Amino acid sequence: FEQLCINYANEHLQNHYNSVVFARDLLEYQREGISMDHIDPPDNQPCLDLLSSRERMGLFTLLDDQSRAQGGSDQKFLDSVRERHYQKRREHPHLVLPRIQQHSNNLTFTVRHYAADVEYSVAGFLSTNMDPLAGTLQRLVRASTCPFVAALLPEPEDPSATKGKRIRTVSGFFRDSMAELMETINATNPFWIRCIKPHHAKRRRMFHGGEVMTQLRSAGVLETVKIRKCGYPWQLPHSPFWTRFRVLLDGPTHAGEP
């Protein structure tokens with residue numbers, strides 16, 4: 001469950017990267033009159049919808065329903081995922097489920113993320129999703145003398161005030177926090193730094209080409225290079241370009257200069 005939340009956050013950040021970088025490049029190519037018919041920028045929005053869409057009953061929504069239902073279980077959650085997103089002739093392209101449940105403990109499904117396919121086991125999903133942050137921990141953090149630490153968690157809700165309300169799940173809290181983060185990021189002018197590990201052996205002077213290419217591909221760098229190659233990948237500001245190449249012009253370059 002925790003890994004699914006982490007990968008959901010990664011999908012959001014990759015979607016932001018795709019929408020900003022690729023959309024910006026395509027808009028620039030359109031202004032420059034470059035044909036874009038052969039350019040198909042990647043889009044991971046369908047994967048995000050599979051995970052979190054409330055209208056389309058994404059995985060987190062189905063999990064919340066089972067967590068709040070009487071008699072809900074991990075198996076019933078997986079069955080609801082299969083019924084909603086993996087019926088014959090309408091299988092979701094970003095979801096893979098076992099065709100035949102050979103064993104009762106085969107509680108797995110695979111999500112085709114932007115970076116790679118990841119298999120998840122739903123064992124313990126419901127219990128983890130219904131593990132809300134204890135009010136005692138919230139009060140302890142809020143009582144800190146450090147203003148930064150005290151502001152990390154909200155005030156705990158009054159149990160009497162929450163009686164009869166829908167229980168807030170871990171996935172619901174995480175999705176709301178992610179929405180606030182993306183709202184903040186979308187209001188900024190972002191820059192990206194890609195950290196690439198040359199190998200996993202923890203030794204110096206080593207370089208594993210396959211591992212590096214996998215990281216570049218999963219981070220969207222190769223797609224960025226591919227789209228940049230379709231246009232003018234090397235772009236100079238007007239002033240340095242003018243200074244360097246004006247000697248190639250015939251006639252006066254500007255007023256007062258032969």
# chains A, B, ... in the order shown; residues from 1 in each chain; ligands from 1
>>> residues_around(residues="Trp192 (chain A)", least_positions_apart="3", cutoff="12 Å", atoms="only C-alpha atoms", output="PyMOL selection string")
chain A and resi 13-14+16-18+20-21+185+189+195+219-221
>>> write_last_selection(atoms="C-alpha atoms", output="compact mmCIF listing (two decimals), in the first residue's frame")
# COMPACT_ATOMS: atom_id res chain seq x y z
CA LEU A 13 5.17 14.66 -10.67
CA GLN A 14 5.84 12.97 -14.02
CA HIS A 16 3.47 17.75 -14.34
CA TYR A 17 6.80 17.33 -16.13
CA ASN A 18 5.07 16.00 -19.25
CA VAL A 20 4.98 21.57 -18.85
CA VAL A 21 7.96 20.42 -20.92
CA ILE A 185 3.92 23.36 -7.85
CA ASN A 189 8.23 28.22 -12.49
CA CYS A 195 19.93 12.33 -10.56
CA ALA A 219 12.36 9.74 -15.98
CA GLY A 220 11.10 10.87 -19.38
CA VAL A 221 14.49 12.22 -20.47
>>> select_by_dssp(residues="region 65-230 of chain A", states="strand (DSSP E)", output="ChimeraX atom specification")
/A:95-96,108-112,117-121
>>> write_last_selection(atoms="C-alpha atoms", output="short mmCIF file (atom, residue, chain, number, x, y, z; two decimals), in the first residue's frame")
data_model
loop_
_atom_site.label_atom_id
_atom_site.label_comp_id
_atom_site.auth_asym_id
_atom_site.auth_seq_id
_atom_site.Cartn_x
_atom_site.Cartn_y
_atom_site.Cartn_z
CA LEU A 95 -3.88 -2.60 -15.29
CA VAL A 96 -3.00 -6.30 -15.35
CA THR A 108 -1.94 -9.38 -6.70
CA PHE A 109 -2.44 -6.87 -9.46
CA THR A 110 -0.02 -4.98 -11.68
CA VAL A 111 -0.11 -1.30 -12.60
CA ARG A 112 1.67 -0.18 -15.74
CA ASP A 117 5.24 -2.17 -14.45
CA VAL A 118 4.87 -2.73 -10.69
CA GLU A 119 3.13 -5.68 -9.06
CA TYR A 120 1.26 -5.09 -5.80
CA SER A 121 -0.09 -7.49 -3.23
#
>>> closest_residue(among="A:Glu83, A:Asp176, A:Glu2, A:Asp250", to="Ser52 (chain A)", atoms="only C-alpha atoms")
A:Asp176
>>> atom_distance(atom1="CA of Arg54 (chain A)", atom2="CA of Ala151 (chain A)")
29.1 Å
>>> atom_distance(atom1="CA of Cys230 (chain A)", atom2="CA of Asp25 (chain A)")
9.9 Å
>>> atom_distance(atom1="CA of Leu4 (chain A)", atom2="CA of Leu62 (chain A)")
14.1 Å
>>> closest_residue(among="A:Met182, A:Pro98, A:Glu28, A:Ala201", to="Gln235 (chain A)", atoms="only C-alpha atoms")
A:Glu28
>>> residues_around(residues="Asp64 (chain A)", least_positions_apart="5", cutoff="8 Å", atoms="only C-alpha atoms", output="list in words")
Asn129, Thr169, Ser171 and Gly172 of chain A
>>> residues_around(residues="region 66-80 of chain A", least_positions_apart="3", cutoff="7 Å", atoms="only C-alpha atoms", output="list in words")
Leu62, Leu63, Glu83, Arg84, Leu107, Val122, Ala123, Gly124, Phe125, Leu126 and Met130 of chain A
